[in-house]
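For reference, the structure is listed below as structure tokens.
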Amino acid sequence: MRPLKYRVRPGNWEIAGATVMDGGVNFCVLSRYAERMQLLLFECATSPDPYEVIQLNPRVNRTFFFWHIFIEHLPEGTFYNWRADGTADLRTTGSRLAVEKALLDPWATTISDRLWDRAAASRPGDNVETAIRGQVVRDDYDWEDDKPLFIPLSQAVIYELHVGGFTRHPSSGVAHPGTFAGIIEKIPYLQDLGITHVELMPVMAFDPQDVPPNTARLGLENYWGYSTHSFFAPHPGFAIDASHARDEFRDMIKAFHKAGIAVILDVVFNHTAEGGAGGPIISFKAFGNEIFYHLDFEDRSQYRDYTGCGNTMNCNHPLVTRFLIDALLYWTRRMHVDGFRFDLASALARGEDGNPQYHAPVLWAIELSPSLNRAHIIAEAWDAAGLYQVGDFPGYRWTEWNGRYRDVIRSFVRGDFGLVPEVATRLAGSSDMYEGRNRLPMNSINFVTCHDGFTLCDLVSYDHKHNEANGEDNRDGHDHNLSWNCGYEGPTENPDIQRLRRQQARNFISILMLSQGVPMLLAGDEVFRTKRGNNNTYCQNNELSWSDWRLLETNRDILEFVRALIALRRRHPALMRDRFLTGQPEYGQTLPDITWHGVRLNQPDWDTPTNRVLAFTLAGKIEDEPPLHVMLNMGSAAYRFELPVINGRHWCLAVDTTPDGGLVVPPEAQQPLLGDRFTLNAHGVAVLEARTG
């Protein structure tokens with residue numbers, strides 16, 4: 001055996017990953033059943049073979065389940081993989097040790113997938129030439145006094161976007177389309193729109209090759225990124241230079257913070273890119289299959305799947321809980337992010353036996369962590385196996401994507417009957433779901449559209465999904481869309497239908513911005529972006545999914561309307577209350593905080609099954625904030641609404657969604673209304689502001 005190129009020492013088992021230190025690099029990974037471990041070193045990302053293979057001695061380089069070694073004077077930039085071998089039986093222990101597979105460090109902070117071949121990692125045999133590799137990178141980034149922001153969610157307007165798709169279209173005009181750097185160039189646009197928080201779809205390194213066979217044969221890829229394999233590394237495909245992905249991500253964060261915009265990451269802790277029994281071995285399967293995944297009780301070669309993705313992370317195993325908490329701490333402390341949205345978060349509530357745990361350790365560890373106490377934590381409070389926890393997610397700090405809000409508002413705006421009482425509850429912050437558990441309106445993330453489903457344009461243009469381009473014969477994606485095409489399926493030249501669709505879009509935006517709770521917009525909805533009826537564009541890394549910046553001019557009327565409604569919300573603290581409405585005057589106010597009406601004052605029609613009309617008066621929350629009067633008419637005829645008398649003030653029209661292009665009047669241009677009634681046309685929303693003089 002030839003001598004090693006580098007001197008080695010036992011290393012430190014308490015520092016996971018590859019850490020540059022004085023005099024060299026410390027490496028450490030975890031494996032319960034490994035009996036032999038090798039570290040493979042490569043000169044570059046595309047080297048076909050390692051230039052050094054270091055055999056670890058279990059008597060020296062193993063502590064508990066951790067394998068560790070320190071390599072003196074190892075050059076920064078070196079790429080590496082691991083190999084693990086052992087004799088544990090798969091069916092009885094769940095161990096999937098495979099000595100022929102080159103393994104990615106689960107703690108790697110910089111990775112390269114330039115040679116990655118998912119098929120090679122999924123079949124028996126050596127894949128050293130095609131594995132994803134980690135890279136040794138020193139962390140000496142200059143944050144220039146940047147700190148994570150803390151903008152309370154009660155004041156938030158969240159904007160969900162895809163890092164690649166936001167600037168990939170040629171019309172974006174950025175220097176580096178589809179990258180973190182490209183996002184930086186568009187921050188002024190988001191500032192002007194009035195956004196306070198961006199929610200980035202997955203940016204942790206994921207596997208673009210993770211798609212069904214028929215989809216792959218069409219040349220499509222996993223675009224959305226809900227296929228994470230590296231929980232500490234930014235996705236290299238979003239970087240100009242993959243070796244600098246971490247610092248390019250930080251540049252973006254720093255730029256957002258300088259603009260006063262907070263950053264929330266969409267994190268996928270419920271499953272990984274390794275899939276089920278037939279999926280690839282990337283890292284977790286070999287290092288600790290029996291630790292990291294839910295396995296069948298009787299045959300531990302099989303996976304229990306609560307996510308629909310082949311595997312489910314065993315999040316409440318103590319070592320996995322620690323791994324996930326460490327990942328969150330890394331992204332807050334070292335990457336300065338401001339919060340997290342947890343995909344299929346109810347999967348994290350499942351104990352090691354697969355059953356739901358109300359006091360799931362990982363959820364409460366996140367909730368109660370002193371180091372995460374200023375980070376927003378948002379749950380998609382369901383999973384793919386039927387666990388639905390909207391309104392009942394464990395803890396106090398956890399906020400939730402309010403799927404009930406989405407469904408009720410969609411149904412109401414399309415004209416469904418019998419919804420007015422629940423619409424009022426959703427507008428008022430969903431107190432039925434949160435107040436009884438001592439939670440607040442800000443625990444509800446209100447949305448009408450998100451990445452998963454129709455865009456706002458498609459919600460008013462299609463009755464049915466049209467996902468044929470995905471290669472799954474239109475079987476994928478949701479069928480329960482609660483949409484209305486306004487009389488014709490898809491694109492039309494009929495001006496009446498076009499006019500109604502834009503009016504309906506304005507209705508959705510208005511109701512969203514007038515609701516208590518936290519509004520979330522889908523990127524592109526403000527310019528009426530279509531995906532041609534495809535409600536599951538997870539595999540469409542093309543113009544179907546990308547933001548088309550030409551729409552800023554084509555649909556400028558929608559853009560200006562959205563911008564104005566965000567501004568109206570942000571100038572009215574009464575729309576951003578941190579406590580539930582009571583129907584009683586607040587301290588120092590003469591008006592009740594809210595008064596409900598129908599067409600006639602103080603007579604909301606809660607009981608008529610065919611009623612589609614509602615109005616309310618909202619008192620100001622702070623001194624000199626004018627009251628608001630809101631009228632909603634989702635019926636097919638115009639109504640004349642009685643207006644309340646406000647002593648010493650006049651009602652002025654601020655918003656009317658029914659005229660062509662919509663009408664939004666800024667405060668300085670508002671004029672007093674004449675008379676004691678306001679006529680609101682069919683399918684309309686109107687907002688009045690009270691003014692003195």
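Chain identifiers are assigned as A, B, and so on, following the order in which chains appear in the structure tokens; residues are numbered from 1 within each chain, and ligands are numbered from 1 in order of appearance.
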
Just list as a PyMOL selection string whatever in segment 130-265 of chain A DSSP marks as alpha helix (DSSP H).
chain A and resi 163-167+180-185+187-193+213-217+245-258

Could the residues of segment 106-178 of chain A that have an atom at most 9 Å from segment 42-45 of chain A be listed as JSON lines, each with its closest atom pair and the distance in Å to one decimal, counting only C-alpha atoms and ordered by chain and ascending residue number?
```
{"residue": "A:Ile111", "atom": "CA", "partner": "A:Ala45", "partner_atom": "CA", "distance": 8.9}
{"residue": "A:Ser112", "atom": "CA", "partner": "A:Ala45", "partner_atom": "CA", "distance": 6.3}
{"residue": "A:Asp113", "atom": "CA", "partner": "A:Ala45", "partner_atom": "CA", "distance": 8.1}
{"residue": "A:Arg114", "atom": "CA", "partner": "A:Ala45", "partner_atom": "CA", "distance": 7.0}
{"residue": "A:Leu115", "atom": "CA", "partner": "A:Ala45", "partner_atom": "CA", "distance": 7.8}
{"residue": "A:Ile132", "atom": "CA", "partner": "A:Ala45", "partner_atom": "CA", "distance": 9.0}
{"residue": "A:Arg133", "atom": "CA", "partner": "A:Ala45", "partner_atom": "CA", "distance": 7.2}
{"residue": "A:Gly134", "atom": "CA", "partner": "A:Ala45", "partner_atom": "CA", "distance": 8.9}
{"residue": "A:Gln135", "atom": "CA", "partner": "A:Ala45", "partner_atom": "CA", "distance": 8.4}
```

Expected file contents, prior selection, C-alpha atoms, as a PDB file, in the first residue's frame:
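After the write, part.pdb holds the following:
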```pdb
ATOM      1  CA  ILE A 111     -21.835  20.284  -3.647  1.00  0.00           C
ATOM      2  CA  SER A 112     -21.346  19.485  -7.324  1.00  0.00           C
ATOM      3  CA  ASP A 113     -23.830  17.461  -9.377  1.00  0.00           C
ATOM      4  CA  ARG A 114     -22.093  18.002 -12.725  1.00  0.00           C
ATOM      5  CA  LEU A 115     -21.575  14.246 -13.257  1.00  0.00           C
ATOM      6  CA  ILE A 132     -22.840  13.958  -6.320  1.00  0.00           C
ATOM      7  CA  ARG A 133     -19.751  15.235  -4.530  1.00  0.00           C
ATOM      8  CA  GLY A 134     -19.134  17.506  -1.590  1.00  0.00           C
ATOM      9  CA  GLN A 135     -16.516  20.235  -1.712  1.00  0.00           C
TER      10      GLN A 135
END
```

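With distances restricted to only C-alpha atoms, A:Ala98 is the closest residue to Pro280 of chain A from A:Val137, A:Ala345, A:Leu363, A:Ala98.
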
Would you mind listing what lies within 12 Å of Trp143 of chain A as a list of chain:residue names, with only C-alpha atoms counted and same-chain residues fewer than 5 positions away left out?
A:Pro148, A:Asp247, A:Glu248, A:Phe249, A:Arg250, A:Asp251, A:Met252, A:Ile253, A:Lys254, A:Ala255, A:His257, A:Lys258, A:Arg333, A:Arg334, A:Met335, A:His336

Determine, counting only C-alpha atoms, which protein, DNA and RNA residues have an atom within 7 Å of an atom of segment 610-622 of chain A; residues of the same chain fewer than 6 positions away are not included. Present the result as a PyMOL selection string.
chain A and resi 417-418+420+573-574+591-598+604+628-635

Please provide the set of residues having any atom within 10 Å of Asp496 of chain A, restricted to only C-alpha atoms, with same-chain residues fewer than 5 positions apart removed, written as a PyMOL selection string.
chain A and resi 486-487+501
